[in-house]
Structures are given as C-alpha cells and as structure tokens.
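Colleague: Below is start_8.pdb; it holds PDB, C-alpha atoms.
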ATOM      1  CA  MET A  20      -7.351 -26.302  21.548
ATOM      2  CA  ASP A  21      -9.402 -24.212  19.058
ATOM      3  CA  THR A  22      -8.172 -22.477  15.928
ATOM      4  CA  GLN A  23      -8.844 -19.014  17.327
ATOM      5  CA  ALA A  24      -6.519 -19.673  20.256
ATOM      6  CA  LEU A  25      -3.785 -20.840  17.890
ATOM      7  CA  LYS A  26      -4.229 -17.735  15.734
ATOM      8  CA  THR A  27      -3.870 -15.629  18.851
ATOM      9  CA  VAL A  28      -0.506 -17.218  19.650
ATOM     10  CA  ILE A  29       0.712 -16.718  16.070
ATOM     11  CA  LEU A  30      -0.391 -13.085  16.107
ATOM     12  CA  VAL A  31       1.422 -12.363  19.356
ATOM     13  CA  GLY A  32       4.551 -13.925  17.872
ATOM     14  CA  GLU A  33       4.232 -11.859  14.675
ATOM     15  CA  LEU A  34       3.414  -8.540  16.314
ATOM     16  CA  GLY A  35       5.557  -8.827  19.433
ATOM     17  CA  ASN A  36       3.016  -7.774  22.067
ATOM     18  CA  PHE A  37      -0.427  -8.524  23.413
ATOM     19  CA  ALA A  38      -1.853  -5.063  22.700
ATOM     20  CA  SER A  39      -1.257  -5.172  18.940
ATOM     21  CA  ALA A  40      -2.665  -8.683  18.682
ATOM     22  CA  ALA A  41      -5.715  -7.570  20.651
ATOM     23  CA  ARG A  42      -6.337  -4.670  18.243
ATOM     24  CA  VAL A  43      -6.221  -6.985  15.238
ATOM     25  CA  LEU A  44      -8.553  -9.478  16.902
ATOM     26  CA  ASP A  45     -10.754  -6.693  18.324
ATOM     27  CA  VAL A  46     -10.586  -8.075  21.868
ATOM     28  CA  ASP A  47      -9.227  -6.866  25.194
ATOM     29  CA  PRO A  48      -5.457  -7.381  25.752
ATOM     30  CA  SER A  49      -6.234  -9.299  28.932
ATOM     31  CA  SER A  50      -8.156 -11.813  26.819
ATOM     32  CA  VAL A  51      -5.084 -12.352  24.635
ATOM     33  CA  SER A  52      -2.913 -12.774  27.720
ATOM     34  CA  ARG A  53      -5.304 -15.357  29.189
ATOM     35  CA  THR A  54      -5.450 -17.303  25.902
ATOM     36  CA  VAL A  55      -1.665 -17.478  25.661
ATOM     37  CA  ALA A  56      -1.352 -18.477  29.320
ATOM     38  CA  ALA A  57      -3.922 -21.232  28.848
ATOM     39  CA  ILE A  58      -2.063 -22.690  25.863
ATOM     40  CA  GLU A  59       1.237 -22.515  27.733
ATOM     41  CA  ALA A  60      -0.366 -24.346  30.661
ATOM     42  CA  GLU A  61      -1.769 -27.025  28.375
ATOM     43  CA  LEU A  62       1.566 -27.506  26.615
ATOM     44  CA  GLY A  63       3.595 -27.258  29.792
ATOM     45  CA  VAL A  64       6.115 -24.869  28.191
ATOM     46  CA  ARG A  65       6.570 -21.103  28.091
ATOM     47  CA  LEU A  66       6.044 -19.701  24.590
ATOM     48  CA  PHE A  67       6.826 -16.070  25.429
ATOM     49  CA  GLN A  68       9.220 -14.460  27.850
ATOM     50  CA  ARG A  69       7.546 -11.482  29.530
ATOM     51  CA  SER A  70       9.191  -8.469  31.096
ATOM     52  CA  THR A  71       8.033  -4.986  32.026
ATOM     53  CA  ARG A  72       9.498  -3.583  28.791
ATOM     54  CA  ARG A  73       9.139  -6.248  26.147
ATOM     55  CA  LEU A  74       7.856  -9.641  25.141
ATOM     56  CA  ALA A  75      10.085 -12.139  23.344
ATOM     57  CA  VAL A  76       9.354 -15.511  21.774
ATOM     58  CA  THR A  77      11.176 -18.372  23.498
ATOM     59  CA  GLU A  78      12.998 -21.074  21.555
ATOM     60  CA  ALA A  79      10.130 -23.465  22.261
ATOM     61  CA  GLY A  80       7.689 -20.774  21.146
ATOM     62  CA  GLU A  81       9.506 -20.285  17.851
ATOM     63  CA  ARG A  82       9.387 -24.021  17.127
ATOM     64  CA  TYR A  83       5.713 -24.228  18.064
ATOM     65  CA  ILE A  84       4.629 -21.218  15.999
ATOM     66  CA  ARG A  85       6.667 -22.396  13.005
ATOM     67  CA  ARG A  86       4.845 -25.742  13.053
ATOM     68  CA  ILE A  87       1.294 -24.530  13.665
ATOM     69  CA  ALA A  88       1.308 -21.459  11.361
ATOM     70  CA  PRO A  89       0.946 -23.375   8.049
ATOM     71  CA  LEU A  90      -1.663 -25.673   9.615
ATOM     72  CA  VAL A  91      -3.777 -22.745  10.794
ATOM     73  CA  GLU A  92      -3.432 -21.046   7.412
ATOM     74  CA  GLU A  93      -4.620 -24.208   5.667
ATOM     75  CA  LEU A  94      -7.589 -24.462   8.022
ATOM     76  CA  GLU A  95      -8.475 -20.844   7.209
ATOM     77  CA  HIS A  96      -8.363 -21.579   3.471
ATOM     78  CA  ALA A  97     -10.546 -24.648   3.960
ATOM     79  CA  ARG A  98     -13.021 -22.564   5.930
ATOM     80  CA  ASP A  99     -13.079 -19.911   3.218
ATOM     81  CA  GLU A 100     -13.820 -22.484   0.530
ATOM     82  CA  ALA A 101     -16.679 -23.892   2.576
ATOM     83  CA  VAL A 102     -18.140 -20.497   3.439
ATOM     84  CA  THR A 103     -17.869 -19.277  -0.156
ATOM     85  CA  THR A 104     -20.582 -21.700  -1.219
ATOM     86  CA  SER A 105     -22.741 -21.378   1.863
ATOM     87  CA  GLY A 106     -22.479 -17.820   3.148
ATOM     88  CA  ALA A 107     -21.761 -14.203   2.258
ATOM     89  CA  VAL A 108     -18.633 -12.210   2.976
ATOM     90  CA  GLN A 109     -19.555  -9.612   5.553
ATOM     91  CA  GLY A 110     -18.244  -7.020   7.973
ATOM     92  CA  ASN A 111     -16.986  -3.450   8.112
ATOM     93  CA  LEU A 112     -13.793  -2.764   6.150
ATOM     94  CA  ARG A 113     -11.595   0.249   6.965
ATOM     95  CA  LEU A 114      -9.329   1.100   4.034
ATOM     96  CA  THR A 115      -6.800   3.920   3.767
ATOM     97  CA  ALA A 116      -4.755   5.286   0.867
ATOM     98  CA  SER A 117      -3.296   8.594  -0.225
ATOM     99  CA  VAL A 118      -5.852  11.233  -1.153
ATOM    100  CA  ALA A 119      -4.952  11.121  -4.846
ATOM    101  CA  PHE A 120      -4.804   7.324  -5.141
ATOM    102  CA  MET A 121      -8.083   6.999  -3.288
ATOM    103  CA  GLN A 122      -9.803   9.464  -5.614
ATOM    104  CA  GLU A 123      -8.281   8.222  -8.867
ATOM    105  CA  CYS A 124      -7.940   4.462  -8.376
ATOM    106  CA  ILE A 125     -10.265   3.278  -5.622
ATOM    107  CA  VAL A 126     -13.397   5.449  -5.532
ATOM    108  CA  PRO A 127     -14.238   4.762  -9.227
ATOM    109  CA  HIS A 128     -14.589   1.049  -8.389
ATOM    110  CA  VAL A 129     -16.379   1.354  -5.040
ATOM    111  CA  GLY A 130     -19.861   1.035  -6.530
ATOM    112  CA  GLU A 131     -18.999  -2.233  -8.245
ATOM    113  CA  PHE A 132     -17.405  -3.626  -5.088
ATOM    114  CA  LEU A 133     -20.432  -2.784  -2.951
ATOM    115  CA  ARG A 134     -22.740  -4.394  -5.502
ATOM    116  CA  ASP A 135     -20.604  -7.538  -5.570
ATOM    117  CA  TYR A 136     -20.432  -7.714  -1.757
ATOM    118  CA  PRO A 137     -23.701  -6.352  -0.349
ATOM    119  CA  ASP A 138     -22.903  -7.488   3.196
ATOM    120  CA  ILE A 139     -19.652  -5.512   3.432
ATOM    121  CA  SER A 140     -19.721  -1.903   4.599
ATOM    122  CA  LEU A 141     -16.784   0.261   3.592
ATOM    123  CA  GLU A 142     -15.008   3.089   5.415
ATOM    124  CA  LEU A 143     -12.616   5.010   3.161
ATOM    125  CA  LEU A 144      -9.898   6.959   4.962
ATOM    126  CA  PRO A 145      -7.984   9.088   2.434
ATOM    127  CA  SER A 146      -4.853  10.514   4.008
ATOM    128  CA  ASP A 147      -1.460  11.695   2.804
ATOM    129  CA  THR A 148      -0.128  10.718   6.232
ATOM    130  CA  ASN A 149       0.522   7.015   6.731
ATOM    131  CA  LEU A 150      -2.030   5.952   9.316
ATOM    132  CA  ASP A 151      -1.072   3.383  11.952
ATOM    133  CA  LEU A 152      -2.650   0.045  11.011
ATOM    134  CA  PHE A 153      -2.825  -1.002  14.653
ATOM    135  CA  GLY A 154      -3.462   2.292  16.417
ATOM    136  CA  ASP A 155      -6.078   3.460  13.890
ATOM    137  CA  ASN A 156      -7.693   0.037  13.530
ATOM    138  CA  ILE A 157      -7.033  -0.133   9.777
ATOM    139  CA  ASP A 158      -7.938  -3.344   7.964
ATOM    140  CA  LEU A 159      -6.134  -2.509   4.735
ATOM    141  CA  ALA A 160      -3.724   0.247   3.666
ATOM    142  CA  ILE A 161      -2.569   1.007   0.129
ATOM    143  CA  ARG A 162       0.929   2.451  -0.033
ATOM    144  CA  LEU A 163       2.953   3.627  -3.028
ATOM    145  CA  ALA A 164       6.620   2.721  -2.764
ATOM    146  CA  ALA A 165       9.478   0.638  -4.077
ATOM    147  CA  ALA A 166       8.820  -1.753  -1.181
ATOM    148  CA  PRO A 167       6.941  -1.151   2.063
ATOM    149  CA  GLU A 168       8.774  -1.019   5.360
ATOM    150  CA  GLY A 169       7.764  -1.876   8.909
ATOM    151  CA  ASP A 170       6.260  -4.801  10.783
ATOM    152  CA  VAL A 171       3.349  -5.382   8.411
ATOM    153  CA  ILE A 172       2.489  -7.918   5.729
ATOM    154  CA  SER A 173       2.325  -6.644   2.156
ATOM    155  CA  THR A 174       1.443  -7.775  -1.346
ATOM    156  CA  ARG A 175       1.936  -5.873  -4.589
ATOM    157  CA  LEU A 176      -1.316  -4.816  -6.252
ATOM    158  CA  CYS A 177       0.162  -3.334  -9.415
ATOM    159  CA  ASN A 178       3.274  -1.730 -10.839
ATOM    160  CA  THR A 179       3.607   2.027 -11.199
ATOM    161  CA  ARG A 180       5.613   4.012 -13.718
ATOM    162  CA  TYR A 181       6.435   7.706 -13.883
ATOM    163  CA  LYS A 182       6.428  10.224 -16.707
ATOM    164  CA  VAL A 183       7.596  13.798 -17.066
ATOM    165  CA  VAL A 184       4.590  15.635 -18.457
ATOM    166  CA  ALA A 185       3.651  19.168 -19.406
ATOM    167  CA  ALA A 186       0.621  20.938 -20.874
ATOM    168  CA  PRO A 187       0.442  21.674 -24.618
ATOM    169  CA  ALA A 188       0.231  25.381 -23.746
ATOM    170  CA  TYR A 189       3.535  25.140 -21.879
ATOM    171  CA  VAL A 190       5.246  23.350 -24.778
ATOM    172  CA  LYS A 191       3.933  25.948 -27.223
ATOM    173  CA  ARG A 192       5.190  28.764 -25.011
ATOM    174  CA  GLU A 193       8.546  27.389 -23.876
ATOM    175  CA  GLY A 194       9.344  24.728 -26.444
ATOM    176  CA  ARG A 195       9.787  21.002 -25.951
ATOM    177  CA  PRO A 196      13.078  19.884 -24.351
ATOM    178  CA  ALA A 197      15.067  17.602 -26.613
ATOM    179  CA  HIS A 198      16.801  15.756 -23.756
ATOM    180  CA  PRO A 199      16.032  15.250 -20.038
ATOM    181  CA  SER A 200      19.223  17.110 -19.087
ATOM    182  CA  GLU A 201      17.568  20.330 -20.298
ATOM    183  CA  LEU A 202      15.238  20.155 -17.292
ATOM    184  CA  SER A 203      18.082  21.501 -15.146
ATOM    185  CA  ALA A 204      17.550  24.909 -16.751
ATOM    186  CA  THR A 205      13.758  24.631 -16.604
ATOM    187  CA  GLU A 206      11.353  25.713 -13.887
ATOM    188  CA  CYS A 207       9.654  22.450 -12.893
ATOM    189  CA  ALA A 208       6.690  21.735 -10.627
ATOM    190  CA  ARG A 209       7.821  19.323  -7.926
ATOM    191  CA  PHE A 210       6.719  17.016  -5.137
ATOM    192  CA  ALA A 211       7.922  18.017  -1.671
ATOM    193  CA  LEU A 212       9.475  14.575  -1.165
ATOM    194  CA  PRO A 213      13.090  13.357  -1.075
ATOM    195  CA  GLY A 214      14.303  12.716  -4.605
ATOM    196  CA  PHE A 215      11.185  14.120  -6.228
ATOM    197  CA  ARG A 216      12.164  17.591  -5.052
ATOM    198  CA  ASP A 217      15.837  17.726  -6.058
ATOM    199  CA  GLN A 218      16.695  15.282  -8.828
ATOM    200  CA  TRP A 219      15.011  12.930 -11.244
ATOM    201  CA  LEU A 220      16.461   9.716 -12.673
ATOM    202  CA  PHE A 221      16.328   8.706 -16.327
ATOM    203  CA  ARG A 222      17.185   5.611 -18.308
ATOM    204  CA  SER A 223      16.956   4.788 -21.995
ATOM    205  CA  GLY A 224      16.887   1.081 -22.800
ATOM    206  CA  SER A 225      19.991  -0.624 -21.417
ATOM    207  CA  ASP A 226      21.956   2.630 -21.124
ATOM    208  CA  PRO A 227      23.197   3.683 -17.673
ATOM    209  CA  VAL A 228      20.898   5.614 -15.377
ATOM    210  CA  PHE A 229      21.642   9.326 -15.147
ATOM    211  CA  GLU A 230      20.508  11.997 -12.714
ATOM    212  CA  VAL A 231      19.061  15.367 -13.651
ATOM    213  CA  PRO A 232      18.969  18.085 -10.957
ATOM    214  CA  VAL A 233      15.629  19.904 -10.972
ATOM    215  CA  SER A 234      14.344  23.091  -9.383
ATOM    216  CA  GLY A 235      11.374  25.413  -9.525
ATOM    217  CA  ARG A 236       9.373  27.788  -7.403
ATOM    218  CA  LEU A 237       6.322  25.515  -7.034
ATOM    219  CA  VAL A 238       6.577  22.616  -4.565
ATOM    220  CA  THR A 239       3.562  20.709  -3.212
ATOM    221  CA  THR A 240       2.806  17.659  -1.099
ATOM    222  CA  GLY A 241      -0.399  16.935  -3.026
ATOM    223  CA  ALA A 242      -0.346  14.748  -6.155
ATOM    224  CA  LEU A 243      -3.644  16.160  -7.415
ATOM    225  CA  ALA A 244      -2.376  19.708  -6.965
ATOM    226  CA  LEU A 245       0.816  18.838  -8.841
ATOM    227  CA  ARG A 246      -1.142  17.380 -11.734
ATOM    228  CA  GLN A 247      -3.330  20.472 -11.860
ATOM    229  CA  ALA A 248      -0.235  22.665 -11.895
ATOM    230  CA  ALA A 249       1.052  20.731 -14.907
ATOM    231  CA  LEU A 250      -2.349  21.009 -16.617
ATOM    232  CA  ASN A 251      -2.286  24.758 -15.990
ATOM    233  CA  GLY A 252       1.022  25.070 -17.838
ATOM    234  CA  ILE A 253       3.190  25.990 -14.854
ATOM    235  CA  GLY A 254       5.937  23.608 -15.894
ATOM    236  CA  PRO A 255       7.020  19.973 -16.341
ATOM    237  CA  ALA A 256       6.107  17.596 -13.521
ATOM    238  CA  LEU A 257       7.100  14.034 -12.656
ATOM    239  CA  LEU A 258       3.848  12.117 -12.110
ATOM    240  CA  PRO A 259       2.758   8.452 -11.859
ATOM    241  CA  ASP A 260       0.953   6.775 -14.732
ATOM    242  CA  TRP A 261      -2.288   6.383 -12.766
ATOM    243  CA  LEU A 262      -2.523  10.188 -12.609
ATOM    244  CA  THR A 263      -1.502  10.890 -16.190
ATOM    245  CA  SER A 264      -3.026   8.178 -18.394
ATOM    246  CA  GLU A 265      -6.350   9.940 -18.927
ATOM    247  CA  PRO A 266      -4.957  13.493 -19.493
ATOM    248  CA  LEU A 267      -2.391  12.027 -21.905
ATOM    249  CA  ARG A 268      -5.071  10.115 -23.791
ATOM    250  CA  LYS A 269      -7.194  13.265 -24.110
ATOM    251  CA  GLY A 270      -4.231  15.407 -25.150
ATOM    252  CA  HIS A 271      -4.391  17.603 -22.043
ATOM    253  CA  LEU A 272      -0.814  16.606 -21.166
ATOM    254  CA  ILE A 273       2.217  15.639 -23.264
ATOM    255  CA  ASP A 274       4.772  12.971 -22.342
ATOM    256  CA  LEU A 275       7.982  14.958 -22.835
ATOM    257  CA  PHE A 276      10.317  11.949 -22.939
ATOM    258  CA  PRO A 277       8.444   8.869 -24.204
ATOM    259  CA  ASP A 278      11.726   7.094 -25.027
ATOM    260  CA  TYR A 279      12.993   7.294 -21.434
ATOM    261  CA  ALA A 280      12.005   5.556 -18.236
ATOM    262  CA  CYS A 281      12.020   8.051 -15.378
ATOM    263  CA  THR A 282      11.578   8.075 -11.629
ATOM    264  CA  ALA A 283      12.730   9.875  -8.503
ATOM    265  CA  THR A 284      13.736   6.953  -6.285
ATOM    266  CA  SER A 285      13.478   3.523  -7.938
ATOM    267  CA  PHE A 286      12.401   2.190 -11.319
ATOM    268  CA  ASP A 287      10.657  -0.689  -9.562
ATOM    269  CA  THR A 288       7.742   0.941  -7.759
ATOM    270  CA  GLY A 289       4.212  -0.198  -7.146
ATOM    271  CA  ALA A 290       0.999   0.047  -5.203
ATOM    272  CA  TRP A 291       1.125  -2.275  -2.194
ATOM    273  CA  ALA A 292      -1.650  -3.634  -0.005
ATOM    274  CA  LEU A 293      -0.603  -3.676   3.654
ATOM    275  CA  TYR A 294      -2.416  -5.527   6.417
ATOM    276  CA  PRO A 295      -1.539  -6.332  10.014
ATOM    277  CA  SER A 296      -1.095 -10.092   9.917
ATOM    278  CA  ARG A 297      -0.732 -13.004   7.513
ATOM    279  CA  SER A 298      -2.248 -15.457   9.968
ATOM    280  CA  PHE A 299      -5.394 -13.428  10.613
ATOM    281  CA  LEU A 300      -6.652 -12.102   7.283
ATOM    282  CA  PRO A 301     -10.441 -11.757   7.313
ATOM    283  CA  ARG A 302     -12.285 -12.715   4.134
ATOM    284  CA  LYS A 303     -13.502  -9.129   3.710
ATOM    285  CA  VAL A 304      -9.847  -8.059   3.357
ATOM    286  CA  ARG A 305      -8.959 -10.923   1.042
ATOM    287  CA  VAL A 306     -11.792 -10.162  -1.377
ATOM    288  CA  MET A 307     -10.884  -6.461  -1.439
ATOM    289  CA  ILE A 308      -7.231  -7.251  -2.221
ATOM    290  CA  ASP A 309      -8.255  -9.587  -5.056
ATOM    291  CA  PHE A 310     -10.784  -7.046  -6.344
ATOM    292  CA  LEU A 311      -8.300  -4.164  -6.384
ATOM    293  CA  ARG A 312      -5.537  -6.237  -7.966
ATOM    294  CA  GLN A 313      -7.870  -7.233 -10.789
ATOM    295  CA  ARG A 314      -9.204  -3.713 -11.390
ATOM    296  CA  LEU A 315      -5.856  -1.924 -11.115
ATOM    297  CA  ASN A 316      -4.089  -4.316 -13.469
ATOM    298  CA  ALA A 317      -6.970  -4.131 -15.949
ATOM    299  CA  ALA A 318      -6.405  -0.363 -16.058
ATOM    300  CA  ASP A 319      -2.618  -0.773 -16.294
TER
END
Please re-express this file's structure in structure tokens.

Modeller:
Amino acid sequence: MDTQALKTVILVGELGNFASAARVLDVDPSSVSRTVAAIEAELGVRLFQRSTRRLAVTEAGERYIRRIAPLVEELEHARDEAVTTSGAVQGNLRLTASVAFMQECIVPHVGEFLRDYPDISLELLPSDTNLDLFGDNIDLAIRLAAAPEGDVISTRLCNTRYKVVAAPAYVKREGRPAHPSELSATECARFALPGFRDQWLFRSGSDPVFEVPVSGRLVTTGALALRQAALNGIGPALLPDWLTSEPLRKGHLIDLFPDYACTATSFDTGAWALYPSRSFLPRKVRVMIDFLRQRLNAAD
C-alpha cells in the first residue's frame, strides 16, 4: 500500500467527498473512488459509507485514519528533508488574497521569492471575494479575520492591529478629537462591512471595552480606496496597521488615538494562511507559508 493511496484516504476523510479530494490531488474523482475501494478490499473493511447524497466515515474508517494520519505526515516530513538536499522545490502555485493585502504585503516580496525558488511559478489572484479553494483550484489563500471559518486548514501568518487615522489637513481643518467618543459627531470614512460600518470598539490598557457609533457619507468595500479617502482629508478612518505604517511614518496620516487599542470586531485579528488539507501540503505551499510568515513578521 503506497503513501499516495493512504493520503487519498485521509483526504477523503477530511474533505467529506471524492470530488474535493480529487481537486486537491489534481486527479479524476473516479481515480479517488478506485483507490479507496482498493484499500477497503485489501483491508477487508468499509472505510466510508456511500449514499446518493453524502459520504460518511465509518467507525472503522475513523480508527484507521486516526492511526495512519500521523505516520503519513511523518513520512512526508522525511521526504521533504531528503529532497531539500537533493532537489529543488517546483510547481505552479496559485495564491489569492484581498486586493489591498496582495498589493501592500505580498507583491513587494514576490521578486525575492521567485529568486529564492526559481523552479516555482506563481499565479497571484487578488480578489475581495473569498475564492473557493476547491472549486477555483487555489493552493493557498490569505484571509484577514479573527479566526477563519469553514472546512479548511489554517495557520496564522501575523497579527494585525487597527488604528483610527486622519490626514494632517483634516486635523488642521476640523481639529483633533480628544476622545474616541467624539467620533460619534464626526463624519467618518467607513468600510462597508459589519461592525466597521456602524460602530468601532476601543480599549485603553485594562479598562473595559467601549463602543463608539460612527457614521458618514462615504462607505467603500475597498481598503485602498478607504486609505486614499483618509489621505485626501475626507475624515477619520479605521484601517489596519499594514495599510497605515508607511503613511504614518512619513507624516501623511496621524494616529488620532495612540493610547487606545481599536477595532471593529475583535482585538485579536490576524492574517491567516488557508489551504485545503493538512495531510496533503505540497512543498511549494510550505515554503511560501514560511516565507510570508518571516517577511510579514519582520515588517510587523
């Protein structure tokens, strides 16, 4: 019984159907079905219960997958260590992220990555819509959230923090608010997202969190557009640190409340790397995750 066949069984158990496993493995679903059937025949037990509507792991299948998963993972690590000294990482890597995060945090490092890994080709898919990892054949997705949801595997790349910022011209014209609560009477520039659009959260040290209702005539779904609106002096905006660090350093934006932590949803947010399966993680994806984690935390 080869390792690839075992990985196929684990994938089917993780993803819940033959089609999704086939997309990850880049094979025909019938091939996955035959592999599983062959292993079941060799073992003499049914690992999955099939029906016209769904596929479920049997009790025997759960026990089997639980035992073989760490063994297969260890074999993959051993293979990686051997290949690292004898061969290059190669393949085509499809990576998606939001338009703003792609432009600000990934594209600046692409040249270095391609120089370090000359046998990897890279497809960048910037999108403010969350693409389907399985349906769109995505190898790696970067999502910004408190914690990712759904039937995918994730690892945190870096932490994110938010700031309420405004342009010096705005502060000169309107004055600088002395307390976050004053934003309720201020025309703010806002994200068209739950929380971001209606109220912002603030915390100072160990003091309780308090909410500040916000409003304003400008609402946008684009992070880059929101930053530009703040730069143009339209009003205060709640933006992540990876969009504001450079304008703040250059004096193009002002942190209105440096003594407060602020957010719209959770104070524990980050950039997460999402991939379809823990048991089938190609080396091209592993090296990109390690590369991004190192670069993003160096810039933190």

Colleague: Tell me which residues the PyMOL selection byres ((chain A and resi 129) around 12) grabs here, as number ranges by chain.

Modeller: A: 114, 121-128, 130-137, 139-143, 307, 310-311, 314

Colleague: So what do you get for atom CA of Gly252 of chain A versus atom CA of Asp274 of chain A, distance-wise?

Modeller: 13.4 Å

Colleague: Give the answer as one residue: which of A:Phe286, A:Phe37, A:Tyr181, A:Phe221 has the shortest atom-to-atom distance to Ser200 of chain A, using all atoms listed in the file?

Modeller: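 Among the listed residues, A:Phe221 lies closest to Ser200 of chain A.
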
Colleague: Using the chain letters and numbers from the file, which residues does the PyMOL selection byres ((chain A and resi 23-25) around 8) grab, as a list of chain:residue names?

Modeller: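 Against this file, the PyMOL selection byres ((chain A and resi 23-25) around 8) returns the residues A:Met20, A:Asp21, A:Thr22, A:Lys26, A:Thr27, A:Val28, A:Ile29, A:Thr54, A:Val55, A:Ile58, A:Ile87, A:Val91.
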
Colleague: Residues at most 8 Å from Asn36 of chain A, counting all atoms listed in the file, excluding those fewer than 5 positions away in the same chain, as a short mmCIF file (atom, residue, chain, number, x, y, z; two decimals) with C-alpha atoms, keeping the file's coordinate frame?

Modeller:
data_model
loop_
_atom_site.label_atom_id
_atom_site.label_comp_id
_atom_site.auth_asym_id
_atom_site.auth_seq_id
_atom_site.Cartn_x
_atom_site.Cartn_y
_atom_site.Cartn_z
CA VAL A 31 1.42 -12.36 19.36
CA ARG A 73 9.14 -6.25 26.15
CA LEU A 74 7.86 -9.64 25.14
#

Colleague: Which value, in Å to one decimal, gives the distance between atom CA of Val118 of chain A and atom CA of Asp147 of chain A?

Modeller: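 That distance, rounded to one decimal, is 5.9 Å.
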
Colleague: Which neighbours of Lys182 of chain A fall inside 7 Å, counting only C-alpha atoms, when residues of the same chain fewer than 6 positions from it are skipped, and could you give them as a ChimeraX atom specification?

Modeller: /A:257-260,274,281

Colleague: Counting all atoms listed in the file, note down every residue that has an atom within 9 Å of the point (-14.0, -8.9, 0.7) (file coordinates), as an NGL selection string.

Modeller: :A and (108-110 or 112 or 132 or 136 or 139 or 301-310)

Colleague: Using the chain letters and numbers from the file, give me the residues hit by the PyMOL selection byres ((chain A and resi 81) around 12), as an MDAnalysis selection string.

Modeller: chainID A and resid 28:29 31:33 64:68 75:80 82:88

Colleague: Could you take the residues named above and write them with C-alpha atoms, as a CSV table (one decimal), in the frame of the given file?

Modeller:
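Result file follows (selection.csv):
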chain,number,residue,atom,x,y,z
A,28,VAL,CA,-0.5,-17.2,19.6
A,29,ILE,CA,0.7,-16.7,16.1
A,31,VAL,CA,1.4,-12.4,19.4
A,32,GLY,CA,4.6,-13.9,17.9
A,33,GLU,CA,4.2,-11.9,14.7
A,64,VAL,CA,6.1,-24.9,28.2
A,65,ARG,CA,6.6,-21.1,28.1
A,66,LEU,CA,6.0,-19.7,24.6
A,67,PHE,CA,6.8,-16.1,25.4
A,68,GLN,CA,9.2,-14.5,27.8
A,75,ALA,CA,10.1,-12.1,23.3
A,76,VAL,CA,9.4,-15.5,21.8
A,77,THR,CA,11.2,-18.4,23.5
A,78,GLU,CA,13.0,-21.1,21.6
A,79,ALA,CA,10.1,-23.5,22.3
A,80,GLY,CA,7.7,-20.8,21.1
A,82,ARG,CA,9.4,-24.0,17.1
A,83,TYR,CA,5.7,-24.2,18.1
A,84,ILE,CA,4.6,-21.2,16.0
A,85,ARG,CA,6.7,-22.4,13.0
A,86,ARG,CA,4.8,-25.7,13.1
A,87,ILE,CA,1.3,-24.5,13.7
A,88,ALA,CA,1.3,-21.5,11.4

Colleague: With distances taken over all atoms listed in the file, which residue among A:Val43, A:Ile273, A:Leu315, A:Leu94 lies nearest Gly154 of chain A?

Modeller: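 Looking only at the distances to Gly154 of chain A, the closest residue turns out to be A:Val43.
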
Colleague: By how many Å are atom CA of Leu159 of chain A and atom CA of Gly214 of chain A apart?

Modeller: 27.1 Å

Colleague: Rank A:Asn149, A:Ser264, A:Thr284, A:Asn156 by their smallest atom-to-atom distance to Pro213 of chain A, using all atoms listed in the file, and report the top residue only.

Modeller: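 The answer is A:Thr284, which sits nearest to Pro213 of chain A.
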
Colleague: Step by step: start from the point (6.0, 4.9, -5.5) in the file's coordinates, keep every protein, DNA or RNA residue that has an atom no farther than 9 Å from it, count all atoms listed in the file, and write the set as a VMD selection string.

Modeller: chain A and resid 162 to 166 178 to 181 259 282 to 285 287 to 290

Colleague: Write a file of the just-selected residues containing C-alpha atoms, as an mmCIF file, keeping the file's coordinate frame.

Modeller:
data_model
loop_
_atom_site.group_PDB
_atom_site.id
_atom_site.type_symbol
_atom_site.label_atom_id
_atom_site.label_comp_id
_atom_site.auth_asym_id
_atom_site.auth_seq_id
_atom_site.Cartn_x
_atom_site.Cartn_y
_atom_site.Cartn_z
ATOM 1 C CA ARG A 162 0.929 2.451 -0.033
ATOM 2 C CA LEU A 163 2.953 3.627 -3.028
ATOM 3 C CA ALA A 164 6.620 2.721 -2.764
ATOM 4 C CA ALA A 165 9.478 0.638 -4.077
ATOM 5 C CA ALA A 166 8.820 -1.753 -1.181
ATOM 6 C CA ASN A 178 3.274 -1.730 -10.839
ATOM 7 C CA THR A 179 3.607 2.027 -11.199
ATOM 8 C CA ARG A 180 5.613 4.012 -13.718
ATOM 9 C CA TYR A 181 6.435 7.706 -13.883
ATOM 10 C CA PRO A 259 2.758 8.452 -11.859
ATOM 11 C CA THR A 282 11.578 8.075 -11.629
ATOM 12 C CA ALA A 283 12.730 9.875 -8.503
ATOM 13 C CA THR A 284 13.736 6.953 -6.285
ATOM 14 C CA SER A 285 13.478 3.523 -7.938
ATOM 15 C CA ASP A 287 10.657 -0.689 -9.562
ATOM 16 C CA THR A 288 7.742 0.941 -7.759
ATOM 17 C CA GLY A 289 4.212 -0.198 -7.146
ATOM 18 C CA ALA A 290 0.999 0.047 -5.203
#

Colleague: Extract, using all atoms listed in the file, all DNA, RNA and protein residues at most 12 Å from Pro187 of chain A, discarding same-chain residues fewer than 6 positions from it, and format them as a VMD selection string.

Modeller: chain A and resid 193 to 195 249 to 255 266 to 267 269 to 275

Colleague: Identify, on the basis of all atoms listed in the file, every residue whose closest approach to Pro145 of chain A does not exceed 6 Å; exclude the query and any residue fewer than 2 positions from it along the same chain; express the result as a ChimeraX atom specification.

Modeller: /A:115-118

Colleague: Which centre and which edge lengths, in Å to one decimal, describe the axis-aligned box that holds all listed atoms of segment 210-222 of chain A after 4 Å is added on each side, as JSON?

Modeller:
{"center_x": 12.0, "center_y": 11.8, "center_z": -9.7, "size_x": 18.5, "size_y": 20.4, "size_z": 25.2}

Colleague: Please provide as a VMD selection string all residues within 7 Å of Ala256 of chain A, with the sequence filter that same-chain residues fewer than 3 positions apart are discarded (counting all atoms listed in the file).

Modeller: chain A and resid 183 to 185 207 to 209 249
